[in-house]
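Student: File follows, protein-v4.txt with compact mmCIF, C-alpha atoms and all ligand atoms:
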```txt
# COMPACT_ATOMS: atom_id res chain seq x y z
CA MET A 1 17.92 -6.08 -4.56
CA GLU A 2 17.48 -9.61 -3.31
CA VAL A 3 13.99 -11.09 -3.75
CA LEU A 4 13.28 -14.17 -1.61
CA ILE A 5 10.09 -16.09 -2.33
CA HIS A 6 8.80 -18.61 0.17
CA ARG A 7 5.91 -21.08 0.14
CA SER A 8 4.40 -19.61 3.27
CA ALA A 9 4.24 -16.30 5.09
CA GLU A 10 5.56 -18.14 8.19
CA ALA A 11 8.78 -19.06 6.37
CA GLY A 12 9.10 -15.42 5.27
CA GLY A 13 8.66 -14.31 8.88
CA ARG A 14 11.56 -16.53 9.95
CA VAL A 15 13.80 -15.02 7.25
CA VAL A 16 13.03 -11.47 8.41
CA ALA A 17 13.70 -12.57 11.99
CA ASP A 18 17.05 -14.02 10.85
CA VAL A 19 18.11 -10.65 9.42
CA VAL A 20 17.17 -8.87 12.65
CA GLU A 21 18.80 -11.51 14.85
CA ASP A 22 22.03 -11.24 12.90
CA VAL A 23 22.42 -7.47 13.53
CA VAL A 24 21.18 -7.66 17.10
CA ARG A 25 23.74 -10.36 17.99
CA ARG A 26 26.56 -8.34 16.43
CA GLY A 27 26.28 -5.45 18.94
CA PRO A 28 24.42 -2.21 19.66
CA THR A 29 22.09 -1.42 16.79
CA VAL A 30 19.23 0.80 15.72
CA LEU A 31 16.19 -0.94 14.22
CA GLY A 32 13.48 0.69 12.15
CA LEU A 33 10.12 -0.92 12.82
CA ALA A 34 6.96 -1.07 10.72
CA THR A 35 3.54 -1.71 12.22
CA GLY A 36 0.50 -3.26 10.48
CA SER A 37 -0.02 -6.96 9.74
CA SER A 38 2.95 -7.69 7.47
CA PRO A 39 5.74 -7.97 10.06
CA LEU A 40 3.68 -9.74 12.74
CA LEU A 41 4.97 -13.26 11.99
CA ALA A 42 8.55 -11.96 12.11
CA TYR A 43 7.84 -10.17 15.39
CA ALA A 44 6.26 -13.29 16.89
CA GLU A 45 9.36 -15.25 15.87
CA LEU A 46 11.67 -12.65 17.46
CA ILE A 47 9.67 -12.84 20.70
CA ARG A 48 10.02 -16.64 20.61
CA ARG A 49 13.77 -16.41 20.08
CA HIS A 50 14.03 -13.92 22.95
CA ARG A 51 12.09 -16.22 25.29
CA GLU A 52 13.46 -19.59 24.22
CA GLU A 53 16.91 -18.82 22.83
CA GLY A 54 18.03 -15.86 24.93
CA LEU A 55 18.15 -13.35 22.06
CA SER A 56 18.61 -10.05 23.92
CA PHE A 57 17.42 -6.65 22.71
CA ALA A 58 19.01 -4.75 25.61
CA ARG A 59 21.42 -2.94 23.27
CA VAL A 60 18.78 -2.09 20.67
CA GLU A 61 17.23 1.28 20.00
CA ALA A 62 14.12 1.37 17.79
CA PHE A 63 12.33 3.94 15.66
CA LEU A 64 8.82 3.53 14.27
CA LEU A 65 8.07 4.51 10.71
CA ASP A 66 4.89 6.44 11.34
CA GLU A 67 2.03 7.40 13.63
CA TYR A 68 -1.56 8.57 13.30
CA VAL A 69 -2.23 12.24 14.06
CA GLY A 70 -4.92 12.99 16.60
CA LEU A 71 -5.25 9.72 18.50
CA PRO A 72 -4.85 10.35 22.22
CA ALA A 73 -1.69 8.96 23.86
CA GLY A 74 -2.36 5.34 24.86
CA HIS A 75 -5.05 4.77 22.18
CA PRO A 76 -4.88 1.02 21.40
CA GLU A 77 -4.47 1.67 17.65
CA SER A 78 -1.77 4.32 18.00
CA TYR A 79 1.35 2.76 16.52
CA ARG A 80 3.30 3.37 19.73
CA GLU A 81 0.78 1.11 21.49
CA VAL A 82 0.61 -1.41 18.65
CA ILE A 83 4.39 -1.95 18.63
CA ARG A 84 4.45 -2.28 22.43
CA ARG A 85 1.66 -4.88 22.26
CA GLU A 86 3.03 -6.81 19.26
CA LEU A 87 6.77 -6.67 19.89
CA THR A 88 8.69 -4.44 22.24
CA GLY A 89 6.56 -5.08 25.34
CA HIS A 90 7.65 -8.75 25.15
CA LEU A 91 11.38 -8.02 24.80
CA ASP A 92 14.11 -6.77 27.15
CA ILE A 93 14.28 -3.43 25.36
CA ASP A 94 14.05 -0.29 27.47
CA ALA A 95 10.72 1.46 26.66
CA ASP A 96 12.59 4.81 26.53
CA ARG A 97 14.61 3.49 23.62
CA VAL A 98 11.53 2.85 21.46
CA HIS A 99 10.74 6.05 19.57
CA ALA A 100 7.65 7.09 17.63
CA PRO A 101 6.47 10.38 16.14
CA ASP A 102 4.26 12.24 18.63
CA GLY A 103 0.86 12.07 16.93
CA SER A 104 -0.90 13.80 19.83
CA HIS A 105 1.38 16.87 19.69
CA PRO A 106 -0.61 20.14 19.31
CA ASP A 107 1.72 21.13 16.46
CA PRO A 108 2.08 18.01 14.25
CA PRO A 109 4.49 19.59 11.69
CA ALA A 110 6.80 20.57 14.58
CA ALA A 111 6.56 17.04 16.00
CA ALA A 112 7.46 15.66 12.55
CA ALA A 113 10.50 17.94 12.24
CA GLU A 114 11.65 16.95 15.72
CA TYR A 115 11.32 13.24 14.88
CA GLU A 116 13.29 13.69 11.68
CA LYS A 117 16.18 15.20 13.65
CA SER A 118 16.23 12.30 16.09
CA LEU A 119 16.41 9.66 13.37
CA VAL A 120 20.03 8.66 13.03
CA GLY A 121 21.89 5.48 12.31
CA VAL A 122 19.07 3.08 11.47
CA GLY A 123 20.70 -0.22 10.51
CA VAL A 124 17.92 -2.57 9.45
CA GLN A 125 14.58 -1.01 8.49
CA ILE A 126 11.59 -3.37 8.36
CA LEU A 127 8.92 -2.33 5.85
CA GLY A 128 5.46 -3.46 4.78
CA ILE A 129 3.81 -2.25 1.58
CA GLY A 130 0.36 -0.79 1.11
CA THR A 131 -1.95 -2.11 -1.59
CA ASN A 132 -1.38 1.23 -3.34
CA GLY A 133 2.41 0.91 -3.16
CA HIS A 134 3.04 3.08 -0.12
CA ILE A 135 5.84 2.47 2.36
CA GLY A 136 5.61 4.15 5.72
CA PHE A 137 2.62 6.34 4.98
CA ASN A 138 4.17 7.85 1.87
CA GLU A 139 1.18 7.68 -0.41
CA PRO A 140 1.45 7.73 -4.23
CA GLY A 141 2.75 11.13 -5.31
CA SER A 142 5.14 11.47 -2.36
CA SER A 143 8.45 13.09 -3.17
CA LEU A 144 11.16 10.49 -3.57
CA MET A 145 13.45 12.61 -1.37
CA SER A 146 10.85 13.51 1.26
CA LEU A 147 11.71 13.79 4.95
CA THR A 148 9.49 13.12 7.98
CA ARG A 149 6.34 15.20 7.69
CA VAL A 150 2.56 15.24 8.04
CA LYS A 151 0.68 13.44 5.26
CA THR A 152 -2.97 12.87 4.37
CA LEU A 153 -3.92 9.21 4.02
CA ALA A 154 -5.31 8.02 0.70
CA ARG A 155 -8.88 6.75 0.76
CA GLN A 156 -7.62 3.25 -0.11
CA THR A 157 -5.29 3.20 2.90
CA ARG A 158 -8.07 4.34 5.24
CA ASP A 159 -10.27 1.65 3.74
CA ASP A 160 -7.54 -0.99 4.20
CA ASN A 161 -6.94 0.08 7.80
CA ALA A 162 -10.61 0.32 8.80
CA ARG A 163 -10.25 -3.29 9.99
CA PHE A 164 -8.25 -1.95 12.96
CA PHE A 165 -10.97 0.60 13.76
CA GLY A 166 -14.10 -1.54 14.04
CA ASP A 167 -14.48 -1.64 10.24
CA SER A 168 -15.37 2.05 10.21
CA ILE A 169 -13.45 4.16 7.70
CA ASP A 170 -14.69 7.27 9.51
CA ALA A 171 -12.82 6.17 12.63
CA VAL A 172 -9.48 5.98 10.76
CA PRO A 173 -7.54 9.22 11.21
CA ARG A 174 -7.04 11.28 8.06
CA HIS A 175 -3.56 12.50 8.90
CA VAL A 176 -0.32 10.85 9.91
CA ILE A 177 3.29 11.70 10.63
CA THR A 178 5.53 9.50 8.52
CA GLN A 179 9.20 9.14 7.84
CA GLY A 180 9.79 10.35 4.30
CA LEU A 181 11.15 8.26 1.47
CA GLY A 182 14.47 10.10 1.78
CA THR A 183 14.49 9.35 5.52
CA ILE A 184 13.76 5.65 4.99
CA ALA A 185 16.45 5.44 2.31
CA ARG A 186 19.10 6.50 4.87
CA ALA A 187 18.80 3.13 6.64
CA GLY A 188 21.61 0.69 5.91
CA HIS A 189 19.43 -2.28 4.93
CA LEU A 190 15.78 -2.16 3.85
CA VAL A 191 13.80 -5.37 4.41
CA LEU A 192 10.33 -5.31 2.88
CA THR A 193 7.95 -8.14 3.68
CA ALA A 194 4.61 -8.89 2.03
CA ALA A 195 2.22 -11.81 1.95
CA GLY A 196 -1.03 -12.50 0.12
CA GLU A 197 -2.40 -11.95 -3.36
CA HIS A 198 -3.81 -8.54 -2.42
CA LYS A 199 -0.20 -7.29 -2.29
CA ALA A 200 0.92 -8.85 -5.59
CA ALA A 201 0.25 -5.83 -7.86
CA ALA A 202 1.96 -3.38 -5.49
CA VAL A 203 4.95 -5.71 -5.08
CA ALA A 204 5.32 -6.11 -8.86
CA ALA A 205 5.17 -2.33 -9.36
CA ALA A 206 7.73 -1.75 -6.59
CA VAL A 207 10.21 -4.43 -7.69
CA GLU A 208 9.85 -4.47 -11.48
CA GLY A 209 8.01 -1.26 -12.41
CA PRO A 210 9.53 2.16 -13.10
CA LEU A 211 11.09 4.20 -10.30
CA THR A 212 8.27 6.65 -9.73
CA ALA A 213 6.49 8.64 -7.05
CA SER A 214 3.32 6.92 -8.28
CA CYS A 215 4.63 3.79 -6.54
CA PRO A 216 6.57 5.08 -3.52
CA ALA A 217 7.93 1.58 -2.74
CA SER A 218 9.78 1.66 -6.08
CA ILE A 219 12.37 3.79 -4.17
CA LEU A 220 13.73 0.40 -3.09
CA GLN A 221 15.28 0.10 -6.56
CA TRP A 222 17.41 3.15 -5.75
CA HIS A 223 18.88 1.69 -2.54
CA PRO A 224 22.10 -0.36 -2.44
CA HIS A 225 20.97 -2.97 0.10
CA VAL A 226 17.41 -4.27 -0.12
CA THR A 227 15.84 -7.63 0.71
CA VAL A 228 12.25 -8.32 -0.34
CA VAL A 229 10.69 -11.29 1.45
CA LEU A 230 7.49 -12.64 -0.13
CA ASP A 231 5.17 -15.60 -0.03
CA ASP A 232 4.13 -17.25 -3.30
CA ALA A 233 0.90 -15.24 -3.50
CA ALA A 234 2.57 -11.84 -3.06
CA ALA A 235 5.15 -12.85 -5.70
CA SER A 236 2.54 -14.08 -8.17
CA ARG A 237 2.71 -11.03 -10.47
CA LEU A 238 6.50 -10.81 -10.69
CA GLU A 239 7.71 -11.43 -14.25
CA ARG A 240 11.14 -12.57 -13.08
CA ALA A 241 9.93 -14.77 -10.20
CA SER A 242 11.63 -17.89 -11.56
CA PHE A 243 14.94 -16.02 -11.87
CA TYR A 244 14.69 -14.82 -8.24
CA ARG A 245 13.99 -18.40 -7.14
CA GLU A 246 16.98 -19.63 -9.15
CA ILE A 247 19.28 -16.98 -7.62
CA ALA A 248 18.20 -17.98 -4.10
CA ALA A 249 18.56 -21.71 -4.81
CA GLN A 250 22.06 -21.32 -6.29
CA LYS A 251 23.36 -18.79 -3.76
CA PRO A 252 27.03 -19.52 -3.14
CA ALA A 253 28.26 -19.83 0.45
CA TRP A 254 30.30 -16.62 0.09
CA ALA A 255 27.29 -14.49 -0.96
C1 LIG A 301 2.97 0.78 8.97
C2 LIG A 301 3.39 1.19 7.65
C3 LIG A 301 2.60 0.82 6.43
C4 LIG A 301 2.24 -0.65 6.37
C5 LIG A 301 1.40 -0.93 5.13
C6 LIG A 301 0.99 -2.38 5.04
O1 LIG A 301 3.89 1.25 9.94
O2 LIG A 301 4.36 1.85 7.54
O3 LIG A 301 3.35 1.15 5.29
O4 LIG A 301 3.39 -1.42 6.37
O5 LIG A 301 0.26 -0.13 5.15
O6 LIG A 301 0.10 -2.66 6.06
P1 LIG A 301 -0.26 -4.15 6.43
O7 LIG A 301 1.02 -4.80 6.83
O8 LIG A 301 -1.20 -4.05 7.60
O9 LIG A 301 -0.85 -4.76 5.23
```
Can the structure in the file be given as structure tokens, please?
Tutor:
Amino acid sequence: MEVLIHRSAEAGGRVVADVVEDVVRRGPTVLGLATGSSPLLAYAELIRRHREEGLSFARVEAFLLDEYVGLPAGHPESYREVIRRELTGHLDIDADRVHAPDGSHPDPPAAAAEYEKSLVGVGVQILGIGTNGHIGFNEPGSSLMSLTRVKTLARQTRDDNARFFGDSIDAVPRHVITQGLGTIARAGHLVLTAAGEHKAAAVAAAVEGPLTASCPASILQWHPHVTVVLDDAAASRLERASFYREIAAQKPAWA
């Protein structure tokens, strides 16, 4: 696991964009996309590179991590809409090649199983982390080998996400379809990005705590290719922060 700590969230966003640009320029690729606030600076930077530097996403296929259950199609807070608004709608990627679980399906478990089957060959998977250590919407207690399925959101997550629903926790759906931890772990390269002190405890548990379902993001420790991109505040509870900084500063050209 590589842990990169930057002074600002903006610098972190550029690093995540660099990882994505590198695979996109190499040829056809499948990207795994997170929604929420964490990747927004990276997404804004990718849109800028598309507009100003000709970075093309025409050969990209994309899969979202998760979706709320029960929001009508086209709801502004459905993750399909959020990703269109924040990223894919500004790129030259065919809308039919951007996939999300169908949260308005009358049979959510069937929609989850169908999504799981479609998920193949994800190269780079972008991840955020919840304040309770979730990735995707795999809340604490999720099986470390779980596949895409319906989950119930933890109260803390609904509280955290109320800001997207007019600050009303009651407006936040209770159920979601999320890629499982086993599904996420199939991606070739996991890139988790976090900024702000409110993420520091979850980041420390994920990176330096035990591998446990109590902190679903700790599954990162089990994966062979992980990059964690943090700002100083999100890194503030890491015991080995100075070692990670030293590794990054001394990185040889061949690494
Ligand atoms: C969203 C997702 C979640 C978020 C996490 C952090 O698709 O999978 O795991 O990444 O809840 O959310 P933000 O970035 O809004 O703090």
Student: For ligand LIG 301 (chain A), list the contacting residues at 6 Å or closer, counting all atoms listed in the file, as a list in words.
Tutor: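 Protein and nucleic-acid residues within 6 Å of ligand LIG 301 (chain A): Ala34, Thr35, Gly36, Ser37, Ser38, Leu65, Asp66, Leu127, Gly128, Ile129, Gly130, His134, Ile135, Gly136 and Phe137 of chain A.
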Student: Can you tell me which residues surround region 140-153 of chain A at a distance of at most 10 Å, considering all atoms listed in the file, apart from same-chain residues fewer than 4 positions away, and format the answer as a count of residues only?
Tutor: 49
Student: Give me, please, the distance in Å between CA of Asp18 (chain A) and CA of Phe164 (chain A), quoted to one decimal.
Tutor: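 Computing the Euclidean distance for CA of Asp18 (chain A) and CA of Phe164 (chain A) yields 28.1 Å.
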Student: Pick out the closest residue to Val19 (chain A) from this set: A:Asp102, A:Phe243, A:Pro210, A:Val191. Count all atoms listed in the file.
Tutor: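 Comparing A:Asp102, A:Phe243, A:Pro210, A:Val191 against Val19 (chain A), the winner is A:Val191.
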Student: Would you mind reading off the distance between CA of His105 (chain A) and CA of Val122 (chain A), one decimal, in Å?
Tutor: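 Spanning CA of His105 (chain A) to CA of Val122 (chain A) is a straight-line distance of 23.9 Å.
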Student: Please compute the CA of His99 (chain A)-CA of Gly70 (chain A) distance, one decimal, in Å.
Tutor: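 For CA of His99 (chain A) relative to CA of Gly70 (chain A), the distance reads 17.4 Å.
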Student: Tell me which of A:Glu2, A:Glu45, A:Glu53, A:Glu246 sits closest to Arg14 (chain A), counting all atoms listed in the file.
Tutor: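 Checking each of A:Glu2, A:Glu45, A:Glu53, A:Glu246 against Arg14 (chain A), counting all atoms listed in the file, the winner is A:Glu45.
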Student: Choose the residue, out of A:Gly27, A:Pro76, A:Gly32, A:Pro39, that has the smallest atom-to-atom separation from Leu55 (chain A); count all atoms listed in the file.
Tutor: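 Result for the nearest residue to Leu55 (chain A): A:Gly27.
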Student: Excluding Ile247 (chain A) and any residue of its chain fewer than 4 positions from it, enumerate the residues within 10 Å of it, using only C-alpha atoms, and give them as a VMD selection string.
Tutor: chain A and resid 2 to 4 241 to 243 251 to 252
Student: Find, counting all atoms listed in the file, the residue in A:Arg237, A:Arg186, A:Arg163, A:His225 that gets nearest to Ala206 (chain A).
Tutor: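 Among the listed residues, the smallest separation from Ala206 (chain A) belongs to A:Arg237.
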Student: Of the candidates A:Pro28, A:Gly121, A:Asp167, A:His198, which one gets nearest to Ala233 (chain A) if we count only C-alpha atoms?
Tutor: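 Using only C-alpha atoms, Ala233 (chain A) sits closest to A:His198.
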Student: Would you mind listing what lies within 12 Å of Arg7 (chain A) as a ChimeraX atom specification, with all atoms listed in the file counted and same-chain residues fewer than 5 positions away left out?
Tutor: /A:12-13,195-196,229-236,245
Student: Enclose all atoms of region 111-118 of chain A listed in the file in an axis-aligned box, grow every side by 5 Å, and hand back centre and edge lengths in Å to one decimal, as AutoDock Vina command-line options.
Tutor:
```
--center_x 11.4 --center_y 15.1 --center_z 13.9 --size_x 19.7 --size_y 15.6 --size_z 14.4
```
Student: Applying 7 Å and all atoms listed in the file, which residues near Glu61 (chain A) remain after dropping the ones on its own chain fewer than 5 positions away? List them as a PyMOL selection string.
Tutor: chain A and resi 29-31+97-98
Student: Taking the structure in the block just given, could you write region 168-218 of chain A with C-alpha atoms, as a PDB file, in the first residue's frame?
Tutor:
```pdb
ATOM      1  CA  SER A 168     -33.095  15.962   6.521  1.00  0.00           C
ATOM      2  CA  ILE A 169     -32.003  12.501   7.658  1.00  0.00           C
ATOM      3  CA  ASP A 170     -35.550  11.277   6.993  1.00  0.00           C
ATOM      4  CA  ALA A 171     -35.115  12.106   3.310  1.00  0.00           C
ATOM      5  CA  VAL A 172     -32.000   9.893   3.007  1.00  0.00           C
ATOM      6  CA  PRO A 173     -32.963   6.444   1.724  1.00  0.00           C
ATOM      7  CA  ARG A 174     -32.455   3.586   4.173  1.00  0.00           C
ATOM      8  CA  HIS A 175     -31.369   1.022   1.609  1.00  0.00           C
ATOM      9  CA  VAL A 176     -28.750   0.896  -1.104  1.00  0.00           C
ATOM     10  CA  ILE A 177     -27.308  -1.483  -3.655  1.00  0.00           C
ATOM     11  CA  THR A 178     -23.545  -1.593  -3.249  1.00  0.00           C
ATOM     12  CA  GLN A 179     -20.662  -3.485  -4.735  1.00  0.00           C
ATOM     13  CA  GLY A 180     -19.401  -5.844  -2.052  1.00  0.00           C
ATOM     14  CA  LEU A 181     -15.938  -5.802  -0.554  1.00  0.00           C
ATOM     15  CA  GLY A 182     -15.095  -8.928  -2.558  1.00  0.00           C
ATOM     16  CA  THR A 183     -16.341  -7.196  -5.715  1.00  0.00           C
ATOM     17  CA  ILE A 184     -14.291  -4.055  -5.058  1.00  0.00           C
ATOM     18  CA  ALA A 185     -11.205  -6.155  -4.328  1.00  0.00           C
ATOM     19  CA  ARG A 186     -11.347  -7.625  -7.872  1.00  0.00           C
ATOM     20  CA  ALA A 187     -10.277  -4.258  -9.339  1.00  0.00           C
ATOM     21  CA  GLY A 188      -6.642  -4.070 -10.407  1.00  0.00           C
ATOM     22  CA  HIS A 189      -5.758  -0.871  -8.535  1.00  0.00           C
ATOM     23  CA  LEU A 190      -7.664   0.657  -5.617  1.00  0.00           C
ATOM     24  CA  VAL A 191      -7.219   4.408  -5.153  1.00  0.00           C
ATOM     25  CA  LEU A 192      -8.761   5.754  -1.954  1.00  0.00           C
ATOM     26  CA  THR A 193      -8.914   9.495  -1.450  1.00  0.00           C
ATOM     27  CA  ALA A 194      -9.827  11.364   1.731  1.00  0.00           C
ATOM     28  CA  ALA A 195      -9.516  14.910   2.976  1.00  0.00           C
ATOM     29  CA  GLY A 196     -10.324  16.627   6.259  1.00  0.00           C
ATOM     30  CA  GLU A 197      -9.930  15.856   9.937  1.00  0.00           C
ATOM     31  CA  HIS A 198     -13.366  14.224  10.113  1.00  0.00           C
ATOM     32  CA  LYS A 199     -11.889  11.346   8.067  1.00  0.00           C
ATOM     33  CA  ALA A 200      -8.689  10.958  10.121  1.00  0.00           C
ATOM     34  CA  ALA A 201      -9.924   8.248  12.522  1.00  0.00           C
ATOM     35  CA  ALA A 202     -11.435   6.130   9.734  1.00  0.00           C
ATOM     36  CA  VAL A 203      -8.279   6.493   7.624  1.00  0.00           C
ATOM     37  CA  ALA A 204      -6.051   5.438  10.540  1.00  0.00           C
ATOM     38  CA  ALA A 205      -8.241   2.395  11.223  1.00  0.00           C
ATOM     39  CA  ALA A 206      -8.239   1.426   7.543  1.00  0.00           C
ATOM     40  CA  VAL A 207      -4.502   1.860   6.947  1.00  0.00           C
ATOM     41  CA  GLU A 208      -2.958   0.918  10.298  1.00  0.00           C
ATOM     42  CA  GLY A 209      -5.678  -0.901  12.250  1.00  0.00           C
ATOM     43  CA  PRO A 210      -6.489  -4.618  12.155  1.00  0.00           C
ATOM     44  CA  LEU A 211      -8.044  -6.200   9.062  1.00  0.00           C
ATOM     45  CA  THR A 212     -11.615  -6.443  10.275  1.00  0.00           C
ATOM     46  CA  ALA A 213     -15.213  -6.229   9.128  1.00  0.00           C
ATOM     47  CA  SER A 214     -15.610  -3.563  11.818  1.00  0.00           C
ATOM     48  CA  CYS A 215     -13.656  -1.262   9.489  1.00  0.00           C
ATOM     49  CA  PRO A 216     -14.602  -2.381   5.965  1.00  0.00           C
ATOM     50  CA  ALA A 217     -11.938  -0.118   4.391  1.00  0.00           C
ATOM     51  CA  SER A 218      -9.268  -2.203   6.146  1.00  0.00           C
TER      52      SER A 218
END
```
